[in-house]
file coords.cif (mmCIF, C-alpha atoms)
data_upload
#
loop_
_atom_site.label_atom_id
_atom_site.label_comp_id
_atom_site.auth_asym_id
_atom_site.auth_seq_id
_atom_site.Cartn_x
_atom_site.Cartn_y
_atom_site.Cartn_z
CA MET A 106 10.88 -57.08 12.86
CA THR A 107 13.79 -59.12 14.18
CA ASN A 108 15.82 -57.43 16.92
CA LYS A 109 13.48 -54.41 16.76
CA GLN A 110 13.95 -51.83 19.51
CA ILE A 111 11.18 -49.56 20.75
CA GLN A 112 12.33 -45.95 20.71
CA SER A 113 9.13 -43.96 20.27
CA ILE A 114 5.75 -44.45 21.94
CA THR A 115 2.41 -42.82 21.23
CA VAL A 116 -0.44 -42.89 23.73
CA ILE A 117 -3.96 -42.34 22.42
CA GLY A 118 -6.28 -40.65 24.91
CA ALA A 119 -5.27 -38.06 27.53
CA GLY A 120 -7.74 -39.10 30.21
CA GLN A 121 -7.01 -40.34 33.71
CA MET A 122 -5.01 -43.31 32.42
CA GLY A 123 -3.46 -42.06 29.18
CA HIS A 124 -1.63 -38.99 30.40
CA GLN A 125 0.07 -40.95 33.19
CA ILE A 126 1.02 -43.83 30.87
CA ALA A 127 2.58 -41.24 28.56
CA MET A 128 4.63 -39.84 31.41
CA LEU A 129 5.79 -43.34 32.37
CA ALA A 130 7.01 -43.72 28.80
CA ALA A 131 8.81 -40.37 28.90
CA LEU A 132 10.39 -41.17 32.27
CA GLY A 133 11.46 -44.51 30.77
CA GLY A 134 13.49 -42.68 28.15
CA TYR A 135 11.13 -42.99 25.18
CA GLU A 136 10.29 -40.21 22.77
CA THR A 137 6.60 -39.92 23.54
CA ILE A 138 3.52 -38.35 21.97
CA LEU A 139 0.22 -37.99 23.84
CA GLN A 140 -2.71 -37.63 21.44
CA ASP A 141 -6.29 -36.63 22.16
CA VAL A 142 -9.03 -35.16 19.99
CA HIS A 143 -9.65 -32.43 22.58
CA GLU A 144 -7.07 -29.67 23.04
CA ASN A 145 -8.39 -28.90 26.53
CA ALA A 146 -7.77 -32.52 27.57
CA LEU A 147 -4.14 -32.20 26.51
CA ASN A 148 -3.76 -28.91 28.40
CA ALA A 149 -5.28 -30.46 31.51
CA ALA A 150 -2.98 -33.48 31.17
CA GLN A 151 0.09 -31.28 31.00
CA GLU A 152 -0.99 -29.33 34.08
CA LYS A 153 -1.72 -32.49 36.07
CA LEU A 154 1.61 -34.06 35.16
CA ASP A 155 3.48 -30.92 36.14
CA VAL A 156 1.77 -30.92 39.54
CA ILE A 157 2.55 -34.61 40.15
CA LEU A 158 6.20 -34.43 39.11
CA THR A 159 6.78 -31.16 40.97
CA LYS A 160 5.58 -32.88 44.15
CA TRP A 161 7.91 -35.78 43.43
CA VAL A 162 10.83 -33.36 43.14
CA GLN A 163 9.85 -31.65 46.38
CA LYS A 164 9.69 -35.01 48.17
CA GLY A 165 13.04 -36.12 46.76
CA LYS A 166 11.52 -38.94 44.68
CA LEU A 167 12.73 -37.39 41.42
CA SER A 168 15.49 -34.94 40.46
CA GLU A 169 14.64 -31.66 38.76
CA ASP A 170 16.89 -32.65 35.85
CA ARG A 171 15.04 -35.93 35.32
CA LYS A 172 11.71 -34.14 35.48
CA LEU A 173 12.79 -31.64 32.83
CA ALA A 174 14.24 -34.41 30.67
CA ALA A 175 10.98 -36.34 30.81
CA PHE A 176 8.92 -33.32 29.78
CA SER A 177 11.36 -32.63 26.95
CA ARG A 178 10.61 -36.11 25.56
CA LEU A 179 6.83 -35.65 25.78
CA GLN A 180 4.83 -33.97 23.02
CA TYR A 181 1.10 -33.28 22.84
CA THR A 182 -1.07 -33.26 19.72
CA THR A 183 -4.63 -33.53 18.45
CA ASP A 184 -3.33 -34.78 15.09
CA LEU A 185 -3.77 -38.56 14.94
CA GLU A 186 -1.70 -38.91 11.77
CA LYS A 187 1.23 -37.05 13.34
CA ALA A 188 0.94 -39.18 16.47
CA ALA A 189 0.86 -42.48 14.61
CA SER A 190 3.21 -41.98 11.68
CA GLY A 191 6.51 -42.36 13.54
CA ALA A 192 5.56 -44.57 16.48
CA ASP A 193 7.23 -47.89 17.23
CA LEU A 194 4.53 -48.67 19.80
CA ILE A 195 1.03 -47.20 20.13
CA ILE A 196 -0.84 -47.64 23.42
CA GLU A 197 -4.57 -46.91 23.28
CA ALA A 198 -6.23 -45.57 26.45
CA VAL A 199 -9.67 -44.40 25.35
CA VAL A 200 -13.08 -45.18 26.85
CA GLU A 201 -13.80 -48.81 27.75
CA LYS A 202 -16.15 -49.50 24.84
CA LEU A 203 -15.35 -52.10 22.21
CA ASP A 204 -16.79 -50.18 19.27
CA VAL A 205 -14.84 -47.04 20.15
CA LYS A 206 -11.59 -48.97 20.45
CA GLN A 207 -12.22 -50.74 17.15
CA GLU A 208 -12.84 -47.41 15.46
CA VAL A 209 -9.59 -45.98 16.85
CA PHE A 210 -7.49 -48.95 15.73
CA ALA A 211 -9.11 -49.06 12.29
CA LYS A 212 -7.87 -45.49 11.80
CA LEU A 213 -4.46 -46.31 13.26
CA GLU A 214 -4.11 -49.24 10.88
CA GLU A 215 -4.26 -46.77 7.99
CA LEU A 216 -1.85 -44.26 9.57
CA ALA A 217 0.82 -46.25 11.39
CA PRO A 218 3.80 -48.03 9.77
CA ALA A 219 3.27 -51.74 9.17
CA GLU A 220 5.87 -52.65 11.79
CA THR A 221 4.29 -50.57 14.58
CA ILE A 222 3.07 -52.58 17.57
CA PHE A 223 -0.48 -51.90 18.78
CA ALA A 224 -1.39 -52.21 22.46
CA THR A 225 -4.66 -51.60 24.24
CA ASN A 226 -4.84 -50.54 27.87
CA SER A 227 -8.31 -52.06 28.17
CA SER A 228 -9.08 -53.31 31.66
CA THR A 229 -11.32 -56.12 30.45
CA ILE A 230 -11.51 -56.44 26.64
CA VAL A 231 -9.20 -59.07 25.14
CA ASN A 232 -7.07 -57.80 22.27
CA SER A 233 -8.30 -60.37 19.74
CA LEU A 234 -11.71 -58.64 19.73
CA ILE A 235 -10.00 -55.42 18.62
CA ALA A 236 -7.16 -56.78 16.47
CA ASN A 237 -9.61 -58.10 13.90
CA VAL A 238 -10.07 -54.56 12.51
CA THR A 239 -6.35 -54.46 11.66
CA ASN A 240 -3.97 -56.45 9.49
CA ARG A 241 -1.48 -57.05 12.31
CA PRO A 242 -2.94 -59.41 14.96
CA ASP A 243 0.59 -60.73 15.52
CA LYS A 244 1.64 -57.22 16.58
CA PHE A 245 -1.36 -56.63 18.86
CA ILE A 246 -1.29 -57.06 22.64
CA ASN A 247 -2.92 -55.92 25.89
CA MET A 248 -0.86 -53.72 28.21
CA HIS A 249 -3.20 -53.21 31.14
CA PHE A 250 -1.89 -50.52 33.48
CA PHE A 251 -3.65 -49.95 36.79
CA PHE A 252 -5.04 -46.68 38.10
CA PRO A 253 -3.20 -44.48 38.81
CA PRO A 254 -0.36 -45.65 36.51
CA LEU A 255 2.27 -43.37 38.08
CA VAL A 256 1.62 -45.07 41.43
CA MET A 257 0.54 -48.64 40.72
CA ASP A 258 3.43 -51.03 40.05
CA CYS A 259 1.84 -53.65 37.81
CA VAL A 260 1.04 -54.17 34.14
CA GLU A 261 -0.85 -57.20 32.85
CA VAL A 262 0.63 -58.01 29.43
CA VAL A 263 -1.83 -60.33 27.67
CA MET A 264 -1.24 -62.30 24.47
CA SER A 265 -3.89 -63.64 22.11
CA ASP A 266 -3.41 -66.84 20.12
CA GLN A 267 -2.05 -64.69 17.29
CA THR A 268 0.23 -62.35 19.27
CA SER A 269 3.83 -63.09 18.39
CA GLU A 270 6.52 -63.95 20.93
CA GLU A 271 8.52 -60.93 19.75
CA THR A 272 5.59 -58.59 20.38
CA ALA A 273 5.19 -59.99 23.89
CA LYS A 274 8.93 -59.70 24.54
CA LEU A 275 9.01 -56.06 23.41
CA ALA A 276 5.94 -55.18 25.50
CA MET A 277 7.56 -56.70 28.58
CA GLU A 278 10.80 -54.80 27.88
CA VAL A 279 8.88 -51.52 27.62
CA THR A 280 7.10 -52.30 30.88
CA GLU A 281 10.43 -52.90 32.59
CA ASN A 282 11.90 -49.66 31.20
CA MET A 283 8.85 -47.83 32.57
CA ASN A 284 9.90 -49.20 35.96
CA ARG A 285 6.78 -51.33 36.26
CA THR A 286 6.35 -55.01 37.08
CA GLY A 287 4.98 -56.80 34.05
CA VAL A 288 3.11 -60.10 34.32
CA LEU A 289 2.74 -62.01 31.05
CA LEU A 290 -0.54 -63.86 30.43
CA ARG A 291 -0.29 -66.27 27.51
CA LYS A 292 -4.01 -67.03 27.40
CA GLU A 293 -6.81 -64.51 26.95
CA ILE A 294 -9.74 -64.19 29.32
CA SER A 295 -12.09 -61.24 29.69
CA GLY A 296 -11.05 -59.10 32.66
CA PHE A 297 -7.64 -60.83 32.90
CA VAL A 298 -6.57 -61.67 36.49
CA ALA A 299 -6.73 -58.66 38.79
CA ASN A 300 -10.10 -57.37 37.62
CA ARG A 301 -11.70 -60.81 37.69
CA ILE A 302 -10.69 -61.19 41.33
CA LEU A 303 -11.64 -57.59 42.09
CA GLY A 304 -14.91 -58.01 40.18
CA ALA A 305 -15.89 -60.99 42.31
CA LEU A 306 -15.35 -58.91 45.45
CA GLN A 307 -17.26 -55.96 43.98
CA ARG A 308 -20.22 -58.10 42.86
CA GLU A 309 -20.58 -59.56 46.34
CA ALA A 310 -20.30 -56.12 47.95
CA LEU A 311 -23.02 -54.75 45.64
CA TYR A 312 -25.22 -57.79 46.33
CA LEU A 313 -24.93 -57.29 50.11
CA TYR A 314 -25.73 -53.59 49.68
CA GLU A 315 -28.72 -54.08 47.36
CA GLU A 316 -30.12 -56.84 49.60
CA GLY A 317 -30.04 -54.42 52.54
CA ILE A 318 -27.69 -56.61 54.58
CA VAL A 319 -25.50 -53.64 55.48
CA GLY A 320 -24.74 -50.14 54.20
CA TYR A 321 -21.93 -49.41 51.76
CA LYS A 322 -19.93 -47.50 54.38
CA ASP A 323 -19.95 -50.50 56.70
CA ILE A 324 -18.95 -52.83 53.86
CA ASP A 325 -15.96 -50.58 53.18
CA LEU A 326 -15.17 -50.48 56.90
CA ILE A 327 -15.24 -54.28 57.21
CA CYS A 328 -13.00 -54.71 54.16
CA ARG A 329 -10.47 -52.26 55.61
CA LYS A 330 -10.52 -53.48 59.21
CA ALA A 331 -11.12 -57.20 58.81
CA LEU A 332 -9.49 -57.94 55.44
CA GLY A 333 -6.69 -55.36 55.54
CA HIS A 334 -7.67 -53.72 52.26
CA PRO A 335 -6.30 -50.18 51.90
CA ILE A 336 -9.72 -48.96 50.73
CA GLY A 337 -13.13 -50.61 50.50
CA PRO A 338 -14.87 -51.68 47.28
CA PHE A 339 -17.19 -48.66 47.18
CA GLU A 340 -14.32 -46.26 47.84
CA LEU A 341 -12.40 -47.98 45.04
CA MET A 342 -15.33 -47.57 42.64
CA ASP A 343 -15.30 -43.83 43.38
CA LEU A 344 -11.54 -43.67 42.86
CA SER A 345 -11.52 -45.57 39.56
CA GLY A 346 -14.71 -44.00 38.20
CA ILE A 347 -18.14 -45.61 38.54
CA ASP A 348 -18.68 -45.21 34.79
CA VAL A 349 -15.50 -47.21 34.10
CA GLY A 350 -16.87 -50.09 36.19
CA TYR A 351 -20.22 -49.78 34.45
CA PHE A 352 -18.63 -50.06 30.99
CA VAL A 353 -16.61 -53.09 32.14
CA MET A 354 -19.76 -54.82 33.41
CA GLN A 355 -21.67 -53.96 30.25
CA GLN A 356 -18.89 -55.31 28.04
CA ARG A 357 -18.73 -58.54 30.04
CA PHE A 358 -22.51 -58.91 29.77
CA ASN A 359 -22.36 -58.30 26.01
CA GLU A 360 -19.79 -61.07 25.69
CA THR A 361 -21.41 -63.66 27.96
CA GLY A 362 -25.14 -62.85 27.97
CA ASN A 363 -25.08 -63.94 31.62
CA PRO A 364 -27.54 -61.85 33.68
CA GLU A 365 -25.10 -62.03 36.60
CA ASP A 366 -22.64 -59.95 34.56
CA LYS A 367 -25.15 -57.16 33.86
CA PRO A 368 -24.45 -53.84 35.65
CA ASN A 369 -26.20 -53.56 39.00
CA ALA A 370 -29.21 -51.26 39.18
CA CYS A 371 -27.51 -49.01 41.74
CA ILE A 372 -24.49 -48.59 39.45
CA GLU A 373 -26.67 -47.78 36.45
CA GLU A 374 -28.56 -45.21 38.52
CA LYS A 375 -25.36 -43.41 39.51
CA VAL A 376 -24.10 -43.35 35.93
CA ASN A 377 -27.40 -41.92 34.72
CA LYS A 378 -27.21 -39.19 37.38
CA GLY A 379 -23.59 -38.39 36.51
CA HIS A 380 -22.42 -39.35 40.00
CA LEU A 381 -19.22 -41.04 38.83
CA GLY A 382 -16.98 -40.73 41.89
CA ARG A 383 -14.10 -38.46 42.74
CA LYS A 384 -13.82 -37.01 39.24
CA THR A 385 -17.33 -35.54 39.42
CA GLY A 386 -17.26 -34.68 43.12
CA LYS A 387 -19.92 -37.25 44.01
CA GLY A 388 -20.25 -41.00 43.80
CA TRP A 389 -20.91 -43.29 46.72
CA TYR A 390 -19.28 -40.57 48.79
CA ASP A 391 -19.14 -36.78 48.41
CA TYR A 392 -15.93 -35.00 47.42
CA PRO A 393 -16.66 -31.27 47.78
CA ASN A 394 -13.15 -30.15 46.83
CA GLN A 395 -12.83 -32.39 43.78
CA GLY A 396 -14.72 -32.98 40.58
CA VAL A 397 -15.01 -31.30 37.23
CA LYS A 398 -14.14 -27.62 37.25
CA ASN A 399 -15.92 -25.28 34.82
#

call {"tool": "encode", "arguments": {"input": "coords.cif", "output": "structure tokens"}}
result
Amino acid sequence: MTNKQIQSITVIGAGQMGHQIAMLAALGGYETILQDVHENALNAAQEKLDVILTKWVQKGKLSEDRKLAAFSRLQYTTDLEKAASGADLIIEAVVEKLDVKQEVFAKLEELAPAETIFATNSSTIVNSLIANVTNRPDKFINMHFFFPPLVMDCVEVVMSDQTSEETAKLAMEVTENMNRTGVLLRKEISGFVANRILGALQREALYLYEEGIVGYKDIDLICRKALGHPIGPFELMDLSGIDVGYFVMQQRFNETGNPEDKPNACIEEKVNKGHLGRKTGKGWYDYPNQGVKN
């Protein structure tokens, strides 16, 4: 794969991360396919992207020609074989569950060319835990985009012991062409850097709340006013999705067995009730004009 150039990118999963990663790829000049098993998820993704880019054009952040060019490079499909067969790079952005990701990549291993690079957008799971279901651990890497990808200017690019230098180099080049700041981590650790730091803050905030020291609104207020954070930890949970945080905690607990890593009772309760944050209209806070539309 010497001197290989990435020209086509496939993103698996059209959820809150995947559709925006796909648009970053299209804006970066790559022929892009967004794949999801649900047709309605692809339709929703297309509508959301059109709204976002139309606003960018109206605000002068993007030209109409560049918007149209990006959409012309972006295709949508439910056909995994079609999505994988011609891709130089495949970025997975499905639910944060190890078994689901392993299942996806086991299928991709059968469908994608041998030279295709595999990347996972996992926010906590190291790629070596997923790469073992494939025959290409040297071509496997983490590309952890932050939510929302079209706004957040950072990508953690994480190598395993088996990830090749060329794979890392190509992933960093793609990140740069997507107009994002890539940070290369040469050593794996669950949660990487940002989410380990964020997780420490979140665990302490949840501890203070569950111990009755202060209410969640006041914790958010203190973090904004005293620490200069743009939003508080409970507001951030609502923004990112409380279920996403729950899956991250559960995965960490599965890996370590440390009771301190187990999801907090208040988080588990909200997940069980379906109060997942902004996307459902209710989390720690209420969002009457947001949430799932029937």

call {"tool": "residues_around", "arguments": {"input": "coords.cif", "residues": "Ala305 in chain A", "least_positions_apart": "5", "cutoff": "12 Å", "atoms": "only C-alpha atoms", "output": "PDB file with C-alpha atoms, keeping the file's coordinate frame"}}
result
ATOM      1  CA  GLY A 296     -11.050 -59.100  32.660  1.00  0.00           C
ATOM      2  CA  VAL A 298      -6.570 -61.670  36.490  1.00  0.00           C
ATOM      3  CA  ALA A 299      -6.730 -58.660  38.790  1.00  0.00           C
ATOM      4  CA  ASN A 300     -10.100 -57.370  37.620  1.00  0.00           C
ATOM      5  CA  ALA A 310     -20.300 -56.120  47.950  1.00  0.00           C
ATOM      6  CA  LEU A 311     -23.020 -54.750  45.640  1.00  0.00           C
ATOM      7  CA  TYR A 312     -25.220 -57.790  46.330  1.00  0.00           C
ATOM      8  CA  PRO A 338     -14.870 -51.680  47.280  1.00  0.00           C
ATOM      9  CA  MET A 354     -19.760 -54.820  33.410  1.00  0.00           C
ATOM     10  CA  GLU A 365     -25.100 -62.030  36.600  1.00  0.00           C
ATOM     11  CA  ASP A 366     -22.640 -59.950  34.560  1.00  0.00           C
TER      12      ASP A 366
END

call {"tool": "residues_around", "arguments": {"input": "coords.cif", "residues": "Leu326 in chain A", "least_positions_apart": "5", "cutoff": "10 Å", "atoms": "only C-alpha atoms", "output": "list in words"}}
result
Gly320, Tyr321, Ala331, Leu332, Gly333, His334, Ile336, Gly337 and Pro338 of chain A

call {"tool": "closest_atom_pairs", "arguments": {"input": "coords.cif", "of": "range 251-348 of chain A", "to": "range 108-126 of chain A", "cutoff": "12 Å", "atoms": "only C-alpha atoms", "output": "JSON lines"}}
result
{"residue": "A:Phe251", "atom": "CA", "partner": "A:Met122", "partner_atom": "CA", "distance": 8.1}
{"residue": "A:Phe252", "atom": "CA", "partner": "A:Met122", "partner_atom": "CA", "distance": 6.6}
{"residue": "A:Pro253", "atom": "CA", "partner": "A:Met122", "partner_atom": "CA", "distance": 6.7}
{"residue": "A:Pro254", "atom": "CA", "partner": "A:Gln125", "partner_atom": "CA", "distance": 5.8}
{"residue": "A:Leu255", "atom": "CA", "partner": "A:Gln125", "partner_atom": "CA", "distance": 5.9}
{"residue": "A:Val256", "atom": "CA", "partner": "A:Gln125", "partner_atom": "CA", "distance": 9.3}
{"residue": "A:Met257", "atom": "CA", "partner": "A:Gln125", "partner_atom": "CA", "distance": 10.8}
{"residue": "A:Asp258", "atom": "CA", "partner": "A:Ile126", "partner_atom": "CA", "distance": 11.9}
{"residue": "A:Val260", "atom": "CA", "partner": "A:Ile126", "partner_atom": "CA", "distance": 10.8}
{"residue": "A:Glu271", "atom": "CA", "partner": "A:Asn108", "partner_atom": "CA", "distance": 8.6}
{"residue": "A:Thr272", "atom": "CA", "partner": "A:Lys109", "partner_atom": "CA", "distance": 9.6}
{"residue": "A:Lys274", "atom": "CA", "partner": "A:Lys109", "partner_atom": "CA", "distance": 10.5}
{"residue": "A:Leu275", "atom": "CA", "partner": "A:Ile111", "partner_atom": "CA", "distance": 7.4}
{"residue": "A:Ala276", "atom": "CA", "partner": "A:Ile111", "partner_atom": "CA", "distance": 9.0}
{"residue": "A:Met277", "atom": "CA", "partner": "A:Ile111", "partner_atom": "CA", "distance": 11.2}
{"residue": "A:Glu278", "atom": "CA", "partner": "A:Ile111", "partner_atom": "CA", "distance": 8.9}
{"residue": "A:Val279", "atom": "CA", "partner": "A:Ile111", "partner_atom": "CA", "distance": 7.5}
{"residue": "A:Thr280", "atom": "CA", "partner": "A:Ile126", "partner_atom": "CA", "distance": 10.4}
{"residue": "A:Asn282", "atom": "CA", "partner": "A:Ile111", "partner_atom": "CA", "distance": 10.5}
{"residue": "A:Met283", "atom": "CA", "partner": "A:Ile126", "partner_atom": "CA", "distance": 9.0}
{"residue": "A:Asn284", "atom": "CA", "partner": "A:Ile126", "partner_atom": "CA", "distance": 11.6}
{"residue": "A:Arg285", "atom": "CA", "partner": "A:Ile126", "partner_atom": "CA", "distance": 10.9}
{"residue": "A:Leu344", "atom": "CA", "partner": "A:Gln121", "partner_atom": "CA", "distance": 10.7}
{"residue": "A:Ser345", "atom": "CA", "partner": "A:Gln121", "partner_atom": "CA", "distance": 9.1}
{"residue": "A:Gly346", "atom": "CA", "partner": "A:Gln121", "partner_atom": "CA", "distance": 9.6}

call {"tool": "write_last_selection", "arguments": {"input": "coords.cif", "atoms": "C-alpha atoms", "output": "CSV table (one decimal), keeping the file's coordinate frame"}}
result
chain,number,residue,atom,x,y,z
A,251,PHE,CA,-3.6,-50.0,36.8
A,252,PHE,CA,-5.0,-46.7,38.1
A,253,PRO,CA,-3.2,-44.5,38.8
A,254,PRO,CA,-0.4,-45.6,36.5
A,255,LEU,CA,2.3,-43.4,38.1
A,256,VAL,CA,1.6,-45.1,41.4
A,257,MET,CA,0.5,-48.6,40.7
A,258,ASP,CA,3.4,-51.0,40.0
A,260,VAL,CA,1.0,-54.2,34.1
A,271,GLU,CA,8.5,-60.9,19.8
A,272,THR,CA,5.6,-58.6,20.4
A,274,LYS,CA,8.9,-59.7,24.5
A,275,LEU,CA,9.0,-56.1,23.4
A,276,ALA,CA,5.9,-55.2,25.5
A,277,MET,CA,7.6,-56.7,28.6
A,278,GLU,CA,10.8,-54.8,27.9
A,279,VAL,CA,8.9,-51.5,27.6
A,280,THR,CA,7.1,-52.3,30.9
A,282,ASN,CA,11.9,-49.7,31.2
A,283,MET,CA,8.8,-47.8,32.6
A,284,ASN,CA,9.9,-49.2,36.0
A,285,ARG,CA,6.8,-51.3,36.3
A,344,LEU,CA,-11.5,-43.7,42.9
A,345,SER,CA,-11.5,-45.6,39.6
A,346,GLY,CA,-14.7,-44.0,38.2

call {"tool": "residues_around", "arguments": {"input": "coords.cif", "residues": "Arg357 in chain A", "least_positions_apart": "5", "cutoff": "10 Å", "atoms": "only C-alpha atoms", "output": "list in words"}}
result
Thr229, Ile230, Ser295, Gly296, Tyr351, Phe352, Gly362, Asn363, Glu365, Asp366, Lys367 and Pro368 of chain A

call {"tool": "residues_near_point", "arguments": {"input": "coords.cif", "point": "(-17.8, -44.4, 45.9)", "cutoff": "10 Å", "atoms": "only C-alpha atoms", "output": "PDB file with C-alpha atoms, in the coordinates of the input"}}
result
ATOM      1  CA  TYR A 321     -21.930 -49.410  51.760  1.00  0.00           C
ATOM      2  CA  LYS A 322     -19.930 -47.500  54.380  1.00  0.00           C
ATOM      3  CA  ASP A 325     -15.960 -50.580  53.180  1.00  0.00           C
ATOM      4  CA  GLY A 337     -13.130 -50.610  50.500  1.00  0.00           C
ATOM      5  CA  PRO A 338     -14.870 -51.680  47.280  1.00  0.00           C
ATOM      6  CA  PHE A 339     -17.190 -48.660  47.180  1.00  0.00           C
ATOM      7  CA  GLU A 340     -14.320 -46.260  47.840  1.00  0.00           C
ATOM      8  CA  LEU A 341     -12.400 -47.980  45.040  1.00  0.00           C
ATOM      9  CA  MET A 342     -15.330 -47.570  42.640  1.00  0.00           C
ATOM     10  CA  ASP A 343     -15.300 -43.830  43.380  1.00  0.00           C
ATOM     11  CA  LEU A 344     -11.540 -43.670  42.860  1.00  0.00           C
ATOM     12  CA  SER A 345     -11.520 -45.570  39.560  1.00  0.00           C
ATOM     13  CA  GLY A 346     -14.710 -44.000  38.200  1.00  0.00           C
ATOM     14  CA  ILE A 347     -18.140 -45.610  38.540  1.00  0.00           C
ATOM     15  CA  LYS A 375     -25.360 -43.410  39.510  1.00  0.00           C
ATOM     16  CA  HIS A 380     -22.420 -39.350  40.000  1.00  0.00           C
ATOM     17  CA  LEU A 381     -19.220 -41.040  38.830  1.00  0.00           C
ATOM     18  CA  GLY A 382     -16.980 -40.730  41.890  1.00  0.00           C
ATOM     19  CA  ARG A 383     -14.100 -38.460  42.740  1.00  0.00           C
ATOM     20  CA  LYS A 387     -19.920 -37.250  44.010  1.00  0.00           C
ATOM     21  CA  GLY A 388     -20.250 -41.000  43.800  1.00  0.00           C
ATOM     22  CA  TRP A 389     -20.910 -43.290  46.720  1.00  0.00           C
ATOM     23  CA  TYR A 390     -19.280 -40.570  48.790  1.00  0.00           C
ATOM     24  CA  ASP A 391     -19.140 -36.780  48.410  1.00  0.00           C
ATOM     25  CA  TYR A 392     -15.930 -35.000  47.420  1.00  0.00           C
TER      26      TYR A 392
END

call {"tool": "resolve_selection", "arguments": {"input": "coords.cif", "expression": "the PyMOL selection byres ((chain A and resi 188) around 12)", "output": "short mmCIF file (atom, residue, chain, number, x, y, z; two decimals) with C-alpha atoms, keeping the file's coordinate frame"}}
result
data_model
loop_
_atom_site.label_atom_id
_atom_site.label_comp_id
_atom_site.auth_asym_id
_atom_site.auth_seq_id
_atom_site.Cartn_x
_atom_site.Cartn_y
_atom_site.Cartn_z
CA SER A 113 9.13 -43.96 20.27
CA ILE A 114 5.75 -44.45 21.94
CA THR A 115 2.41 -42.82 21.23
CA VAL A 116 -0.44 -42.89 23.73
CA ILE A 117 -3.96 -42.34 22.42
CA GLY A 118 -6.28 -40.65 24.91
CA GLU A 136 10.29 -40.21 22.77
CA THR A 137 6.60 -39.92 23.54
CA ILE A 138 3.52 -38.35 21.97
CA LEU A 139 0.22 -37.99 23.84
CA GLN A 140 -2.71 -37.63 21.44
CA ASP A 141 -6.29 -36.63 22.16
CA VAL A 142 -9.03 -35.16 19.99
CA LEU A 179 6.83 -35.65 25.78
CA GLN A 180 4.83 -33.97 23.02
CA TYR A 181 1.10 -33.28 22.84
CA THR A 182 -1.07 -33.26 19.72
CA THR A 183 -4.63 -33.53 18.45
CA ASP A 184 -3.33 -34.78 15.09
CA LEU A 185 -3.77 -38.56 14.94
CA GLU A 186 -1.70 -38.91 11.77
CA LYS A 187 1.23 -37.05 13.34
CA ALA A 189 0.86 -42.48 14.61
CA SER A 190 3.21 -41.98 11.68
CA GLY A 191 6.51 -42.36 13.54
CA ALA A 192 5.56 -44.57 16.48
CA ASP A 193 7.23 -47.89 17.23
CA LEU A 194 4.53 -48.67 19.80
CA ILE A 195 1.03 -47.20 20.13
CA ILE A 196 -0.84 -47.64 23.42
CA GLU A 197 -4.57 -46.91 23.28
CA LYS A 212 -7.87 -45.49 11.80
CA LEU A 213 -4.46 -46.31 13.26
CA LEU A 216 -1.85 -44.26 9.57
CA ALA A 217 0.82 -46.25 11.39
CA PRO A 218 3.80 -48.03 9.77
#

call {"tool": "residues_near_point", "arguments": {"input": "coords.cif", "point": "(4.5, -31.1, 36.0)", "cutoff": "12 Å", "atoms": "only C-alpha atoms", "output": "MDAnalysis selection string"}}
result
chainID A and resid 124:125 128 148:163 167 169 171:177 179

call {"tool": "closest_residue", "arguments": {"input": "coords.cif", "among": "A:Ile222, A:Ala131, A:Ile246, A:Val376", "to": "Thr268 in chain A", "atoms": "only C-alpha atoms"}}
result
A:Ile246

call {"tool": "resolve_selection", "arguments": {"input": "coords.cif", "expression": "the PyMOL selection byres ((chain A and resi 238) around 7)", "output": "list of chain:residue names"}}
result
A:Gln207, A:Phe210, A:Ala211, A:Ile235, A:Ala236, A:Asn237, A:Thr239

call {"tool": "axis_aligned_box", "arguments": {"input": "coords.cif", "around": "range 288-302 of chain A", "padding_each_side": "8 Å", "output": "AutoDock Vina command-line options"}}
result
--center_x -4.5 --center_y -62.2 --center_z 34.1 --size_x 31.2 --size_y 25.7 --size_z 30.4

call {"tool": "atom_distance", "arguments": {"input": "coords.cif", "atom1": "CA of Glu293 in chain A", "atom2": "CA of Phe250 in chain A"}}
result
16.2 Å

call {"tool": "atom_distance", "arguments": {"input": "coords.cif", "atom1": "CA of Leu129 in chain A", "atom2": "CA of Phe245 in chain A"}}
result
20.3 Å
